[in-house]
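Structure file start-v1.tsv (TSV, C-alpha atoms) is printed below.
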```tsv
chain	number	residue	atom	x	y	z
A	65	MET	CA	-15.59	-92.31	70.85
A	66	ALA	CA	-18.68	-94.03	72.30
A	67	ALA	CA	-20.40	-93.45	68.95
A	68	SER	CA	-17.67	-95.45	67.24
A	69	GLY	CA	-18.29	-98.43	69.46
A	70	ASP	CA	-15.87	-97.66	72.28
A	71	ALA	CA	-17.30	-99.47	75.28
A	72	THR	CA	-14.95	-97.72	77.68
A	73	ALA	CA	-16.22	-94.35	76.53
A	74	PHE	CA	-19.76	-95.63	76.79
A	75	GLU	CA	-19.14	-96.78	80.34
A	76	ARG	CA	-18.11	-93.21	81.18
A	77	LEU	CA	-21.41	-92.00	79.77
A	78	TYR	CA	-23.19	-94.63	81.85
A	79	ARG	CA	-21.46	-93.44	85.03
A	80	ALA	CA	-22.34	-89.83	84.27
A	81	HIS	CA	-26.02	-90.43	83.58
A	82	VAL	CA	-27.10	-93.52	85.49
A	83	ALA	CA	-28.42	-91.67	88.54
A	84	ARG	CA	-30.79	-89.56	86.48
A	85	ILE	CA	-31.94	-92.45	84.30
A	86	HIS	CA	-32.43	-94.81	87.22
A	87	SER	CA	-34.39	-92.15	89.11
A	88	LEU	CA	-36.63	-91.63	86.11
A	89	ALA	CA	-37.25	-95.36	85.82
A	90	ARG	CA	-37.87	-95.72	89.54
A	91	ARG	CA	-40.44	-92.92	89.51
A	92	MET	CA	-42.29	-94.04	86.40
A	93	ILE	CA	-42.16	-97.78	86.98
A	94	ASP	CA	-42.16	-99.89	90.12
A	95	ALA	CA	-38.93	-99.53	92.06
A	96	ASP	CA	-38.21	-103.24	91.81
A	97	GLU	CA	-38.18	-103.01	88.02
A	98	ALA	CA	-35.98	-99.93	87.84
A	99	ASP	CA	-32.70	-101.85	87.65
A	100	ASP	CA	-33.84	-103.98	84.72
A	101	VAL	CA	-35.32	-101.03	82.89
A	102	THR	CA	-32.18	-98.96	83.41
A	103	GLN	CA	-30.11	-101.72	81.86
A	104	ASP	CA	-32.53	-101.96	78.94
A	105	ILE	CA	-32.23	-98.21	78.41
A	106	PHE	CA	-28.44	-98.21	78.25
A	107	VAL	CA	-28.36	-101.24	75.97
A	108	ARG	CA	-30.83	-99.50	73.68
A	109	ALA	CA	-28.73	-96.34	73.79
A	110	TRP	CA	-25.69	-98.36	72.72
A	111	GLU	CA	-27.62	-99.81	69.81
A	112	LYS	CA	-28.92	-96.39	68.79
A	113	LEU	CA	-25.73	-94.37	69.23
A	114	SER	CA	-25.31	-93.93	65.51
A	115	THR	CA	-28.57	-91.96	65.43
A	116	PHE	CA	-27.30	-89.44	67.96
A	117	ARG	CA	-26.65	-86.32	65.91
A	118	GLY	CA	-24.72	-84.35	68.46
A	119	GLU	CA	-27.07	-81.37	68.18
A	120	ALA	CA	-28.61	-81.70	71.61
A	121	ALA	CA	-26.68	-82.70	74.68
A	122	PHE	CA	-26.18	-86.42	74.99
A	123	GLY	CA	-28.11	-86.34	78.26
A	124	THR	CA	-31.15	-84.87	76.55
A	125	TRP	CA	-31.04	-87.50	73.81
A	126	LEU	CA	-30.58	-90.29	76.33
A	127	HIS	CA	-33.39	-88.99	78.51
A	128	ARG	CA	-35.86	-88.94	75.66
A	129	LEU	CA	-34.83	-92.44	74.63
A	130	ALA	CA	-35.26	-93.54	78.26
A	131	VAL	CA	-38.80	-92.18	78.38
A	132	ASN	CA	-39.65	-94.08	75.20
A	133	VAL	CA	-38.24	-97.33	76.57
A	134	ILE	CA	-40.10	-96.89	79.86
A	135	LEU	CA	-43.41	-96.09	78.21
A	136	ALA	CA	-43.10	-99.04	75.84
A	137	ARG	CA	-42.41	-101.32	78.78
A	138	ARG	CA	-45.22	-99.74	80.78
A	139	LYS	CA	-47.61	-100.35	77.94
A	140	THR	CA	-46.68	-104.01	77.71
A	141	VAL	CA	-46.70	-104.70	81.43
A	142	GLY	CA	-49.61	-102.39	82.20
A	143	ILE	CA	-52.09	-104.22	80.03
A	144	SER	CA	-51.90	-107.36	82.13
A	145	ARG	CA	-51.83	-105.44	85.42
A	146	GLN	CA	-54.89	-103.35	84.70
A	147	ARG	CA	-56.93	-106.49	84.39
A	148	HIS	CA	-56.59	-107.19	88.09
A	149	ASP	CA	-55.68	-103.73	89.41
A	150	PRO	CA	-58.15	-101.23	87.98
A	151	ARG	CA	-57.06	-98.19	90.02
A	152	GLU	CA	-57.11	-95.52	87.35
A	153	ASP	CA	-59.43	-93.33	89.40
A	154	ALA	CA	-58.35	-94.47	92.83
A	155	LEU	CA	-56.79	-91.20	93.98
A	156	GLU	CA	-58.41	-91.01	97.38
A	157	GLY	CA	-55.79	-92.98	99.30
A	158	VAL	CA	-52.82	-91.32	97.68
A	159	GLY	CA	-50.53	-89.33	99.94
A	160	SER	CA	-52.21	-90.37	103.14
A	161	ARG	CA	-49.15	-92.11	104.54
A	162	PRO	CA	-47.44	-90.43	107.51
A	163	VAL	CA	-44.66	-87.95	106.95
A	164	THR	CA	-41.19	-89.27	107.72
A	165	PRO	CA	-37.95	-87.37	108.30
A	166	ASP	CA	-36.76	-88.26	104.76
A	167	LEU	CA	-39.27	-86.13	102.93
A	168	GLY	CA	-37.78	-86.72	99.46
A	169	VAL	CA	-38.01	-90.49	99.69
A	170	ASP	CA	-41.40	-90.31	101.34
A	171	PHE	CA	-42.72	-88.00	98.64
A	172	GLU	CA	-41.53	-90.46	96.01
A	173	GLY	CA	-43.36	-93.16	97.95
A	174	ALA	CA	-46.54	-91.12	97.68
A	175	MET	CA	-45.92	-90.61	93.96
A	176	ALA	CA	-45.62	-94.36	93.55
A	177	THR	CA	-49.17	-94.84	94.81
A	178	LEU	CA	-50.67	-92.63	92.11
A	179	PRO	CA	-52.68	-94.33	89.38
A	180	GLU	CA	-50.54	-95.18	86.39
A	181	LYS	CA	-51.48	-92.42	83.97
A	182	ALA	CA	-51.54	-89.72	86.63
A	183	LYS	CA	-48.10	-90.82	87.81
A	184	GLN	CA	-46.66	-90.75	84.30
A	185	VAL	CA	-48.01	-87.29	83.60
A	186	PHE	CA	-46.91	-85.94	86.98
A	187	VAL	CA	-43.36	-87.26	86.62
A	188	LEU	CA	-43.02	-86.10	83.03
A	189	HIS	CA	-44.43	-82.62	83.72
A	190	ASP	CA	-43.52	-81.62	87.25
A	191	VAL	CA	-40.33	-83.62	87.74
A	192	GLU	CA	-38.90	-83.76	84.22
A	193	GLY	CA	-40.28	-80.55	82.78
A	194	TYR	CA	-41.99	-81.78	79.61
A	195	THR	CA	-44.90	-79.73	78.24
A	196	HIS	CA	-48.44	-81.05	77.99
A	197	GLU	CA	-48.09	-81.15	74.22
A	198	GLU	CA	-44.97	-83.29	74.45
A	199	ILE	CA	-46.57	-85.56	77.03
A	200	ALA	CA	-49.68	-85.91	74.92
A	201	THR	CA	-47.54	-87.13	72.03
A	202	MET	CA	-45.61	-89.55	74.21
A	203	LEU	CA	-48.68	-91.03	75.87
A	204	ASP	CA	-50.94	-90.85	72.84
A	205	ILE	CA	-53.51	-88.69	74.59
A	206	VAL	CA	-54.76	-85.14	74.04
A	207	PRO	CA	-53.15	-82.24	75.94
A	208	GLY	CA	-56.38	-81.65	77.83
A	209	THR	CA	-56.21	-85.15	79.28
A	210	SER	CA	-52.61	-84.53	80.32
A	211	LYS	CA	-53.65	-81.33	82.13
A	212	SER	CA	-56.50	-83.10	83.85
A	213	GLN	CA	-54.33	-86.02	84.99
A	214	LEU	CA	-51.71	-83.61	86.28
A	215	HIS	CA	-54.23	-81.67	88.31
A	216	HIS	CA	-55.65	-84.82	89.86
A	217	ALA	CA	-52.17	-86.08	90.71
A	218	ARG	CA	-51.25	-82.79	92.36
A	219	MET	CA	-54.52	-82.70	94.29
A	220	ALA	CA	-53.84	-86.21	95.58
A	221	LEU	CA	-50.24	-85.48	96.52
A	222	ARG	CA	-51.01	-82.22	98.35
A	223	ARG	CA	-52.43	-84.25	101.22
A	224	HIS	CA	-49.03	-85.75	101.68
A	225	LEU	CA	-47.44	-82.39	102.35
A	226	ARG	CA	-49.97	-81.18	104.89
A	227	ASP	CA	-48.52	-80.58	108.33
B	270	MET	CA	-64.11	-80.39	92.81
B	271	ASP	CA	-65.78	-77.14	91.82
B	272	ARG	CA	-64.98	-75.14	88.71
B	273	TRP	CA	-62.51	-72.92	90.57
B	274	THR	CA	-60.53	-75.80	92.05
B	275	GLU	CA	-60.35	-77.48	88.64
B	276	GLN	CA	-58.55	-74.42	87.28
B	277	LEU	CA	-55.94	-74.08	90.00
B	278	SER	CA	-53.23	-76.19	88.36
B	279	GLU	CA	-53.45	-74.29	85.09
B	280	TYR	CA	-53.48	-71.06	87.07
B	281	LEU	CA	-50.33	-72.18	88.85
B	282	ASP	CA	-48.69	-73.07	85.53
B	283	GLU	CA	-49.78	-69.72	84.08
B	284	SER	CA	-51.52	-71.46	81.22
B	285	LEU	CA	-55.07	-70.25	81.86
B	286	PRO	CA	-56.58	-67.97	79.23
B	287	ARG	CA	-56.52	-64.34	80.31
B	288	ALA	CA	-60.25	-63.97	80.94
B	289	GLU	CA	-60.40	-67.11	83.10
B	290	ARG	CA	-57.30	-66.07	84.97
B	291	GLU	CA	-58.79	-62.69	85.82
B	292	ALA	CA	-62.01	-64.32	86.99
B	293	LEU	CA	-60.06	-66.75	89.18
B	294	ASP	CA	-58.00	-63.87	90.56
B	295	GLU	CA	-61.21	-62.23	91.72
B	296	HIS	CA	-62.42	-65.48	93.26
B	297	LEU	CA	-59.15	-66.11	95.07
B	298	ALA	CA	-59.36	-62.68	96.65
B	299	THR	CA	-62.47	-63.78	98.50
B	300	CYS	CA	-62.00	-67.58	98.95
B	301	ALA	CA	-59.56	-68.68	101.65
B	302	GLU	CA	-60.10	-72.35	100.91
B	303	CYS	CA	-59.03	-71.98	97.27
B	304	ARG	CA	-56.02	-69.92	98.32
B	305	GLU	CA	-54.98	-72.68	100.69
B	306	THR	CA	-55.41	-75.33	98.01
B	307	LEU	CA	-53.38	-73.23	95.59
B	308	ASP	CA	-50.62	-72.96	98.16
B	309	GLU	CA	-50.64	-76.72	98.68
B	310	LEU	CA	-50.43	-77.36	94.95
B	311	ARG	CA	-47.51	-74.95	94.74
B	312	ARG	CA	-45.71	-76.93	97.43
B	313	VAL	CA	-46.30	-80.17	95.53
B	314	VAL	CA	-44.76	-78.68	92.39
B	315	ASP	CA	-41.81	-77.28	94.33
B	316	ARG	CA	-41.20	-80.64	95.96
B	317	ALA	CA	-41.32	-82.44	92.61
B	318	ARG	CA	-38.85	-80.02	91.06
B	319	GLY	CA	-36.52	-80.38	94.01
B	320	LEU	CA	-36.27	-84.18	93.98
B	321	ASP	CA	-32.71	-85.46	93.93
B	322	ASP	CA	-31.55	-88.15	91.54
B	323	ARG	CA	-30.14	-91.21	93.24
B	324	PRO	CA	-27.98	-93.89	91.64
B	325	PRO	CA	-29.09	-97.53	91.80
B	326	SER	CA	-28.19	-99.41	94.95
B	327	LYS	CA	-26.02	-101.81	92.96
B	328	ASP	CA	-23.75	-101.31	89.98
B	329	LEU	CA	-25.60	-102.21	86.79
B	330	TRP	CA	-22.69	-101.78	84.38
B	331	SER	CA	-21.52	-105.39	84.34
B	332	GLY	CA	-24.93	-106.53	83.13
B	333	ILE	CA	-24.95	-103.86	80.45
B	334	ALA	CA	-21.39	-104.67	79.37
B	335	THR	CA	-22.33	-108.31	78.95
B	336	ARG	CA	-25.35	-107.46	76.84
B	337	ILE	CA	-23.50	-105.09	74.53
B	338	GLY	CA	-20.74	-107.63	74.08
B	339	SER	CA	-17.94	-105.67	75.66
B	340	GLY	CA	-15.72	-106.24	78.64
B	341	THR	CA	-14.44	-109.56	79.88
B	342	ALA	CA	-17.53	-110.91	81.52
B	343	ILE	CA	-18.46	-113.26	78.69
B	344	VAL	CA	-14.92	-114.56	78.30
B	345	SER	CA	-14.37	-115.23	81.96
B	346	ILE	CA	-17.67	-117.05	82.29
B	347	ASP	CA	-17.01	-119.19	79.25
B	348	ARG	CA	-13.53	-120.05	80.35
B	349	ALA	CA	-14.57	-120.82	83.88
B	350	ARG	CA	-17.27	-123.18	82.73
B	351	ALA	CA	-15.67	-124.89	79.75
B	352	PRO	CA	-12.10	-123.89	78.95
B	353	ALA	CA	-11.67	-126.83	76.59
B	354	ARG	CA	-14.50	-125.57	74.41
B	355	SER	CA	-13.01	-122.19	73.57
B	356	THR	CA	-12.35	-123.25	69.99
B	357	ARG	CA	-15.95	-124.30	69.58
B	358	ARG	CA	-17.07	-120.99	70.93
B	359	LEU	CA	-14.91	-119.22	68.33
B	360	SER	CA	-16.33	-121.28	65.49
B	361	PHE	CA	-19.82	-120.39	66.69
B	362	SER	CA	-19.27	-116.68	67.18
B	363	ILE	CA	-17.43	-115.76	64.00
B	364	PRO	CA	-20.05	-117.15	61.62
B	365	GLN	CA	-22.60	-115.11	63.51
B	366	ALA	CA	-20.52	-112.00	63.03
B	367	LEU	CA	-19.86	-112.82	59.40
B	368	ALA	CA	-23.52	-113.47	58.74
B	369	ALA	CA	-24.19	-110.03	60.11
B	370	GLY	CA	-21.56	-108.66	57.79
B	371	ILE	CA	-23.09	-110.32	54.74
B	372	ALA	CA	-26.55	-109.10	55.67
B	373	LEU	CA	-25.11	-105.66	56.21
B	374	MET	CA	-23.53	-105.68	52.78
B	375	ALA	CA	-26.79	-106.70	51.12
B	376	VAL	CA	-28.81	-104.06	52.90
B	377	SER	CA	-26.13	-101.45	52.31
B	378	SER	CA	-26.05	-102.02	48.57
B	379	GLY	CA	-29.82	-101.84	48.38
B	380	VAL	CA	-30.01	-98.65	50.37
B	381	VAL	CA	-27.36	-96.91	48.29
B	382	TRP	CA	-29.01	-98.03	45.06
B	383	LEU	CA	-32.44	-96.90	46.17
B	384	SER	CA	-31.14	-93.58	47.47
B	385	LEU	CA	-29.37	-92.75	44.24
B	386	ARG	CA	-32.38	-93.62	42.09
B	387	SER	CA	-34.34	-90.69	43.45
B	388	PRO	CA	-33.16	-87.21	42.46
B	389	ALA	CA	-34.91	-85.72	45.49
B	390	SER	CA	-33.73	-88.31	47.94
B	391	GLY	CA	-32.39	-85.66	50.27
B	392	GLN	CA	-35.95	-84.61	50.95
B	393	GLN	CA	-37.12	-88.19	51.47
B	394	ALA	CA	-35.46	-88.96	54.75
B	395	ALA	CA	-36.64	-92.17	56.37
B	396	ASP	CA	-37.34	-90.30	59.57
B	397	PRO	CA	-39.17	-87.05	58.93
B	398	GLY	CA	-38.37	-85.88	62.43
B	399	ARG	CA	-34.67	-85.61	61.62
B	400	SER	CA	-33.41	-82.37	60.24
B	401	ILE	CA	-30.97	-82.00	57.33
B	402	ASP	CA	-27.86	-81.40	59.33
B	403	MET	CA	-26.56	-84.90	59.68
B	404	PRO	CA	-23.40	-84.41	57.57
B	405	ALA	CA	-21.70	-82.35	60.24
B	406	ALA	CA	-22.46	-84.97	62.86
B	407	TRP	CA	-21.44	-87.79	60.56
B	408	HIS	CA	-18.13	-86.23	59.65
B	409	GLN	CA	-17.43	-85.70	63.34
B	410	MET	CA	-17.97	-89.37	63.96
B	411	ASP	CA	-16.25	-90.49	60.78
B	412	SER	CA	-13.00	-88.88	61.83
B	413	SER	CA	-13.10	-90.62	65.17
B	414	VAL	CA	-13.95	-94.01	63.70
B	415	ASP	CA	-11.11	-94.44	61.21
B	416	PRO	CA	-8.32	-94.64	63.80
B	417	VAL	CA	-10.38	-97.12	65.76
B	418	VAL	CA	-10.85	-99.33	62.72
B	419	ALA	CA	-7.15	-99.05	61.86
B	420	ASN	CA	-6.19	-100.18	65.35
B	421	LEU	CA	-8.61	-103.08	65.22
B	422	ARG	CA	-7.27	-104.23	61.87
B	423	LYS	CA	-3.79	-104.08	63.32
B	424	THR	CA	-4.86	-106.17	66.31
B	425	LEU	CA	-6.50	-108.65	63.99
B	426	GLN	CA	-3.31	-108.98	61.93
B	427	VAL	CA	-1.28	-109.60	65.06
B	428	ASN	CA	-3.67	-112.29	66.23
B	429	ARG	CA	-4.57	-113.88	62.92
B	430	ALA	CA	-2.18	-116.78	63.53
B	431	GLN	CA	-4.50	-117.89	66.29
B	432	LEU	CA	-7.46	-118.18	63.92
B	433	ASN	CA	-7.80	-120.98	61.42
B	434	ASP	CA	-7.11	-120.20	57.75
B	435	SER	CA	-10.64	-120.64	56.47
B	436	THR	CA	-11.98	-118.30	59.13
B	437	VAL	CA	-9.41	-115.67	58.20
B	438	ARG	CA	-10.26	-116.00	54.50
B	439	ILE	CA	-13.98	-115.63	55.13
B	440	LEU	CA	-13.41	-112.78	57.49
B	441	GLU	CA	-11.20	-110.82	55.11
B	442	LYS	CA	-13.57	-111.43	52.22
B	443	ASN	CA	-16.47	-110.06	54.21
B	444	LEU	CA	-14.54	-107.10	55.50
B	445	ALA	CA	-13.67	-106.28	51.91
B	446	ILE	CA	-17.36	-106.44	50.99
B	447	ILE	CA	-18.27	-104.16	53.87
B	448	ASP	CA	-15.49	-101.74	52.96
B	449	SER	CA	-16.82	-101.71	49.42
B	450	ALA	CA	-20.34	-100.99	50.68
B	451	ILE	CA	-19.01	-98.13	52.79
B	452	ALA	CA	-17.14	-96.73	49.81
B	453	ASP	CA	-20.35	-96.90	47.75
B	454	ALA	CA	-22.27	-95.07	50.45
B	455	ARG	CA	-19.58	-92.39	50.65
B	456	ARG	CA	-19.70	-91.89	46.90
B	457	ALA	CA	-23.46	-91.62	47.10
B	458	LEU	CA	-23.11	-89.00	49.80
B	459	ASP	CA	-20.76	-87.01	47.62
B	460	GLN	CA	-23.65	-86.69	45.17
B	461	ASP	CA	-26.31	-86.18	47.79
B	462	PRO	CA	-24.63	-84.93	50.97
B	463	ASN	CA	-27.83	-83.90	52.74
B	464	ASN	CA	-29.50	-87.27	52.42
B	465	ASN	CA	-30.33	-88.11	56.03
B	466	TYR	CA	-31.03	-91.74	55.35
B	467	LEU	CA	-27.67	-92.25	53.67
B	468	ASN	CA	-25.88	-90.44	56.45
B	469	HIS	CA	-27.47	-92.51	59.15
B	470	HIS	CA	-27.01	-95.66	57.18
B	471	LEU	CA	-23.34	-94.98	56.59
B	472	ALA	CA	-22.78	-94.20	60.25
B	473	ASP	CA	-24.47	-97.45	61.15
B	474	VAL	CA	-22.46	-99.50	58.66
B	475	VAL	CA	-19.20	-98.05	59.91
B	476	ARG	CA	-20.15	-98.70	63.50
B	477	ARG	CA	-21.07	-102.29	62.67
B	478	ARG	CA	-17.77	-102.78	60.89
B	479	ALA	CA	-15.97	-101.58	64.00
B	480	ASP	CA	-18.07	-103.93	66.13
B	481	LEU	CA	-17.28	-106.84	63.84
B	482	LEU	CA	-13.57	-106.13	63.85
B	483	ARG	CA	-13.49	-105.62	67.57
B	484	ARG	CA	-15.34	-108.83	68.23
B	485	VAL	CA	-13.21	-110.92	65.94
B	486	SER	CA	-9.92	-109.44	67.07
B	487	THR	CA	-10.89	-110.02	70.69
B	488	LEU	CA	-11.86	-113.61	69.92
B	489	GLY	CA	-8.50	-114.03	68.31
B	490	VAL	CA	-6.86	-113.15	71.59
B	491	ARG	CA	-9.13	-115.44	73.55
B	492	THR	CA	-8.62	-118.52	71.44
```
Show me the file's structure as structure tokens.
Amino acid sequence: MAASGDATAFERLYRAHVARIHSLARRMIDADEADDVTQDIFVRAWEKLSTFRGEAAFGTWLHRLAVNVILARRKTVGISRQRHDPREDALEGVGSRPVTPDLGVDFEGAMATLPEKAKQVFVLHDVEGYTHEEIATMLDIVPGTSKSQLHHARMALRRHLRD
Amino acid sequence: MDRWTEQLSEYLDESLPRAEREALDEHLATCAECRETLDELRRVVDRARGLDDRPPSKDLWSGIATRIGSGTAIVSIDRARAPARSTRRLSFSIPQALAAGIALMAVSSGVVWLSLRSPASGQQAADPGRSIDMPAAWHQMDSSVDPVVANLRKTLQVNRAQLNDSTVRILEKNLAIIDSAIADARRALDQDPNNNYLNHHLADVVRRRADLLRRVSTLGVRT
């Protein structure tokens, strides 16, 4: 029914998927932008519902659309940020914050301090389960670069989990 | 990082070529530092895979509902701010919807015409990433759309007295044009049922018709 423009049905889909989509946005983009991006994603999903073929699960389709929206936004916003925040190789300080009782939240905090590309690759591969080939296509890089960024992200984050 | 450390992530992901994996296996048997690093990387991956999804701290639906033009948020805001201007709001919104309908009709006719010109149009999908299995999905949606459209038409008929005559005439004329465009697209699909572009286009046209009807019938109630 959502595909036929039923907003009530679409709201049910929103309720079912918002936690996953918001978590993805929060991890790939600054937490303070996650609300806006999540809204953008669901509005885009509404506009694109007619292209949903029903082959894959709706959640899979929505998730891929969400990644595209986030990366497009990241590309737009990132250009201006990189001019005054050139931290692409600044992995040394990552994960050095003290461990708190809420390890999940704290680990996400450490993820947030990763350089942009390393964070994107880490979230897409280790959290979301995409392959290096898929990530390479999404980020317009070669798979070898994706592997390298992933390794550097993991090496930075391992410090965070040391006792 | 030395050459062994550089390979640890791929080793962990079991994506190292066999020869390199065997060499690293031999190294790990004698290097405690690399074994420790490997263990730490494994913990990072496990932690990432075990992260829980959390909903946003505030409900975002109302903002989404406003942007997709559903719900009552727009109506209540308009009425709260300027109840005396509801008629003006109607005269502004319907032409927008009708303009969309006219544009839709023009695009629809063009798409159908172009699709039917090519004998191999089924193999010329606009999006090469889409496979040729849209008809099943379309027919699923088609069957769910018709009752919705019928209900919306019924609502519109009930509320048409609240719209002015010229608006109703324009609206019905444009709905007829859209219906005609949909019929054309369906006929085209009968000849070329695997044409992805036509299938997607038809689904989109039908959805837009439902949006148009819903919007206008709701405005009828509001006025």
Subject >> Interface, chain A side, toward chain B (6 Å; only C-alpha atoms) as a VMD selection string >> reply: chain A and resid 68 83 to 84 87 103 114 117 190 to 191 215 222
**OP:** Rank A:Glu197, A:Asp204, A:His81, A:Lys112 by their smallest atom-to-atom distance to Leu135 of chain A, using all atoms listed in the file, and report the top residue only.
**Re:**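 Checking each candidate against Leu135 of chain A, we get A:Asp204 as the closest.
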Original post:
Which one of A:Val131, A:Val82, A:Leu225, A:Val187 sits closest to Ser210 of chain A if you count all atoms listed in the file?
Top reply: A:Val187
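Here atom CA of Glu198 of chain A stands at a distance of 24.0 Å from atom CA of Glu289 of chain B.
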Original post:
atom CA of Tyr280 of chain B and atom CA of Ala301 of chain B, how far apart in Å?
Top reply: 16.0 Å
**OP:** Skip Gln184 of chain A itself and residues of its chain fewer than 3 positions away, then list as a PyMOL selection string all residues within 9 Å of it, counting all atoms listed in the file.
**Re:** chain A and resi 91-93+135+178-181+187-189+199+203+214
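Interatomic distance, atom CA of Glu172 of chain A to atom CA of Arg218 of chain A: 12.9 Å.
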